[in-house]
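Below is one structure, written out as structure tokens; the observations come after it.
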Amino acid sequence: MECLLCGHLKTHKHGKTSKGSQRYFCVKCHQTFTDTFDTIYYRRQVSPQTVRIVLQSHAEGSSLQGVSRISGLAYNTGVSLIRAASQKGQLIDNQDASNIECSI
Ligand SMILES: [Zn+2]
């Protein structure tokens, strides 16, 4: 697996996290990371289905309190997930927008 921090190609398996996901160790930058590094799942204990419910109900216009009620998560967890997804989306959009060629 490629290092998600420095891009080095050689990494070792390095035990598991307390939640059971595989941890990797990079021989170049000497740091450890997991598969979910740099995703909205990183260091969260929320299942992908629940994340989907939160984001879908938010996109359909539910209130934040409503999102919390529907998903069964705490209000602040829902807000944190929506904020994280929004930031990721913004980064992707910015990258796409900077690749647009235009002529005057
Ligand atoms: Zn590395």
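Convention: chains lettered A, B, ... in structure tokens order; per-chain residue numbering from 1; ligands numbered from 1 as shown.
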message: as number ranges by chain, please: every protein or nucleic acid residue near ligand 1 (cut-off 7 Å, counting only C-alpha atoms and all ligand atoms).
response: A: 3-8, 26-31
Filtering to N, CA and C atoms, could you give me those residues as a PDB file, in the first residue's frame?
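Final output, result38.pdb:
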ATOM      1  N   CYS A   3       1.987   5.050   0.848  1.00  0.00           N
ATOM      2  CA  CYS A   3       1.862   5.913   2.030  1.00  0.00           C
ATOM      3  C   CYS A   3       0.938   7.090   1.704  1.00  0.00           C
ATOM      4  N   LEU A   4      -0.068   7.286   2.550  1.00  0.00           N
ATOM      5  CA  LEU A   4      -1.029   8.361   2.295  1.00  0.00           C
ATOM      6  C   LEU A   4      -0.503   9.709   2.758  1.00  0.00           C
ATOM      7  N   LEU A   5       0.646   9.705   3.455  1.00  0.00           N
ATOM      8  CA  LEU A   5       1.199  10.956   3.974  1.00  0.00           C
ATOM      9  C   LEU A   5       2.291  11.510   3.061  1.00  0.00           C
ATOM     10  N   CYS A   6       3.181  10.615   2.547  1.00  0.00           N
ATOM     11  CA  CYS A   6       4.286  11.109   1.725  1.00  0.00           C
ATOM     12  C   CYS A   6       4.287  10.499   0.322  1.00  0.00           C
ATOM     13  N   GLY A   7       3.458   9.486   0.059  1.00  0.00           N
ATOM     14  CA  GLY A   7       3.394   8.891  -1.266  1.00  0.00           C
ATOM     15  C   GLY A   7       4.402   7.786  -1.512  1.00  0.00           C
ATOM     16  N   HIS A   8       5.225   7.459  -0.504  1.00  0.00           N
ATOM     17  CA  HIS A   8       6.211   6.387  -0.644  1.00  0.00           C
ATOM     18  C   HIS A   8       5.498   5.060  -0.906  1.00  0.00           C
ATOM     19  N   CYS A  26       4.877   3.616   7.444  1.00  0.00           N
ATOM     20  CA  CYS A  26       5.691   4.004   6.285  1.00  0.00           C
ATOM     21  C   CYS A  26       7.157   3.980   6.676  1.00  0.00           C
ATOM     22  N   VAL A  27       7.992   3.294   5.853  1.00  0.00           N
ATOM     23  CA  VAL A  27       9.415   3.183   6.180  1.00  0.00           C
ATOM     24  C   VAL A  27      10.180   4.457   5.856  1.00  0.00           C
ATOM     25  N   LYS A  28       9.586   5.330   5.052  1.00  0.00           N
ATOM     26  CA  LYS A  28      10.283   6.574   4.698  1.00  0.00           C
ATOM     27  C   LYS A  28      10.010   7.680   5.716  1.00  0.00           C
ATOM     28  N   CYS A  29       8.731   7.956   5.964  1.00  0.00           N
ATOM     29  CA  CYS A  29       8.414   9.070   6.877  1.00  0.00           C
ATOM     30  C   CYS A  29       8.170   8.609   8.317  1.00  0.00           C
ATOM     31  N   HIS A  30       8.251   7.296   8.563  1.00  0.00           N
ATOM     32  CA  HIS A  30       8.133   6.739   9.924  1.00  0.00           C
ATOM     33  C   HIS A  30       6.841   7.136  10.625  1.00  0.00           C
ATOM     34  N   GLN A  31       5.764   7.269   9.878  1.00  0.00           N
ATOM     35  CA  GLN A  31       4.479   7.582  10.488  1.00  0.00           C
ATOM     36  C   GLN A  31       3.502   6.436  10.220  1.00  0.00           C
TER      37      GLN A  31
END
- request: Could you give me, as a ChimeraX atom specification, each residue of region 18-92 of chain A that DSSP assigns to helix (DSSP H, G or I) when run on this structure's backbone?
  value: /A:48-59,64-71,75-92
Contacts of Gln49 (chain A) within 10 Å, only C-alpha atoms, excl. fewer than 4 positions in-chain, as a PyMOL selection string: chain A and resi 53-54+71
Could those selected residues go to a file with C-alpha atoms, as a PDB file, in the first residue's frame?
ATOM      1  CA  ILE A  53     -28.482   8.735   6.198  1.00  0.00           C
ATOM      2  CA  VAL A  54     -27.061  11.923   7.751  1.00  0.00           C
ATOM      3  CA  SER A  71     -29.926   9.020  12.337  1.00  0.00           C
TER       4      SER A  71
END
query: Per DSSP on the backbone, what are the strand (DSSP E or B) residues of chain A, as a list of chain:residue names?
result: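 Result set for chain A (strand (DSSP E or B)): A:Thr11, A:His12, A:Lys13, A:His14, A:Gly15, A:Lys16, A:Gln22, A:Arg23, A:Tyr24, A:Phe25, A:Cys26, A:Thr32, A:Phe33, A:Thr34.
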field: Spatial neighbours of His14 (chain A), max dist 7 Å, only C-alpha atoms, sep filter under 3 positions, as a VMD selection string
entry: chain A and resid 23 to 25
Using all heavy atoms, can you write the selected residues to a file as a PDB file, in the first residue's frame?
ATOM      1  N   ARG A  23      -3.645  -0.927  10.589  1.00  0.00           N
ATOM      2  CA  ARG A  23      -2.765   0.237  10.670  1.00  0.00           C
ATOM      3  C   ARG A  23      -1.530  -0.054   9.819  1.00  0.00           C
ATOM      4  O   ARG A  23      -1.048  -1.176   9.772  1.00  0.00           O
ATOM      5  CB  ARG A  23      -2.382   0.494  12.127  1.00  0.00           C
ATOM      6  CG  ARG A  23      -1.538   1.728  12.326  1.00  0.00           C
ATOM      7  CD  ARG A  23      -1.169   1.934  13.794  1.00  0.00           C
ATOM      8  NE  ARG A  23      -2.260   2.530  14.531  1.00  0.00           N
ATOM      9  CZ  ARG A  23      -2.623   2.163  15.752  1.00  0.00           C
ATOM     10  NH1 ARG A  23      -1.993   1.198  16.365  1.00  0.00           N
ATOM     11  NH2 ARG A  23      -3.625   2.750  16.354  1.00  0.00           N
ATOM     12  N   TYR A  24      -1.019   0.947   9.111  1.00  0.00           N
ATOM     13  CA  TYR A  24       0.168   0.806   8.266  1.00  0.00           C
ATOM     14  C   TYR A  24       1.278   1.715   8.766  1.00  0.00           C
ATOM     15  O   TYR A  24       1.007   2.764   9.353  1.00  0.00           O
ATOM     16  CB  TYR A  24      -0.166   1.170   6.813  1.00  0.00           C
ATOM     17  CG  TYR A  24      -1.174   0.250   6.182  1.00  0.00           C
ATOM     18  CD1 TYR A  24      -2.529   0.544   6.223  1.00  0.00           C
ATOM     19  CD2 TYR A  24      -0.770  -0.925   5.568  1.00  0.00           C
ATOM     20  CE1 TYR A  24      -3.463  -0.312   5.661  1.00  0.00           C
ATOM     21  CE2 TYR A  24      -1.684  -1.786   4.995  1.00  0.00           C
ATOM     22  CZ  TYR A  24      -3.035  -1.468   5.047  1.00  0.00           C
ATOM     23  OH  TYR A  24      -3.948  -2.315   4.497  1.00  0.00           O
ATOM     24  N   PHE A  25       2.503   1.298   8.476  1.00  0.00           N
ATOM     25  CA  PHE A  25       3.678   2.073   8.877  1.00  0.00           C
ATOM     26  C   PHE A  25       4.506   2.376   7.636  1.00  0.00           C
ATOM     27  O   PHE A  25       4.802   1.489   6.837  1.00  0.00           O
ATOM     28  CB  PHE A  25       4.519   1.263   9.884  1.00  0.00           C
ATOM     29  CG  PHE A  25       5.802   1.922  10.280  1.00  0.00           C
ATOM     30  CD1 PHE A  25       5.814   2.947  11.215  1.00  0.00           C
ATOM     31  CD2 PHE A  25       6.997   1.528   9.708  1.00  0.00           C
ATOM     32  CE1 PHE A  25       7.001   3.564  11.576  1.00  0.00           C
ATOM     33  CE2 PHE A  25       8.182   2.143  10.066  1.00  0.00           C
ATOM     34  CZ  PHE A  25       8.186   3.164  11.003  1.00  0.00           C
TER      35      PHE A  25
END
Region 77-82 of chain A environment, 9 Å, only C-alpha atoms, sequence neighbours closer than 6 positions dropped, as a VMD selection string: chain A and resid 40 to 41 51 54 to 55 58 64 to 65 67 to 68 71
query: Smallest atom-to-atom distance to Thr34 (chain A): which of A:Ala85, A:Leu9, A:Met1, A:Leu91, using only C-alpha atoms?
result: A:Met1
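Using only C-alpha atoms, the nearest neighbour of Ala59 (chain A) within the list A:Ser86, A:Phe33, A:Asp96, A:Leu73 is A:Ser86.
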Gap from CA of Thr32 (chain A) to CA of Thr11 (chain A) - Å, one decimal: 9.2 Å
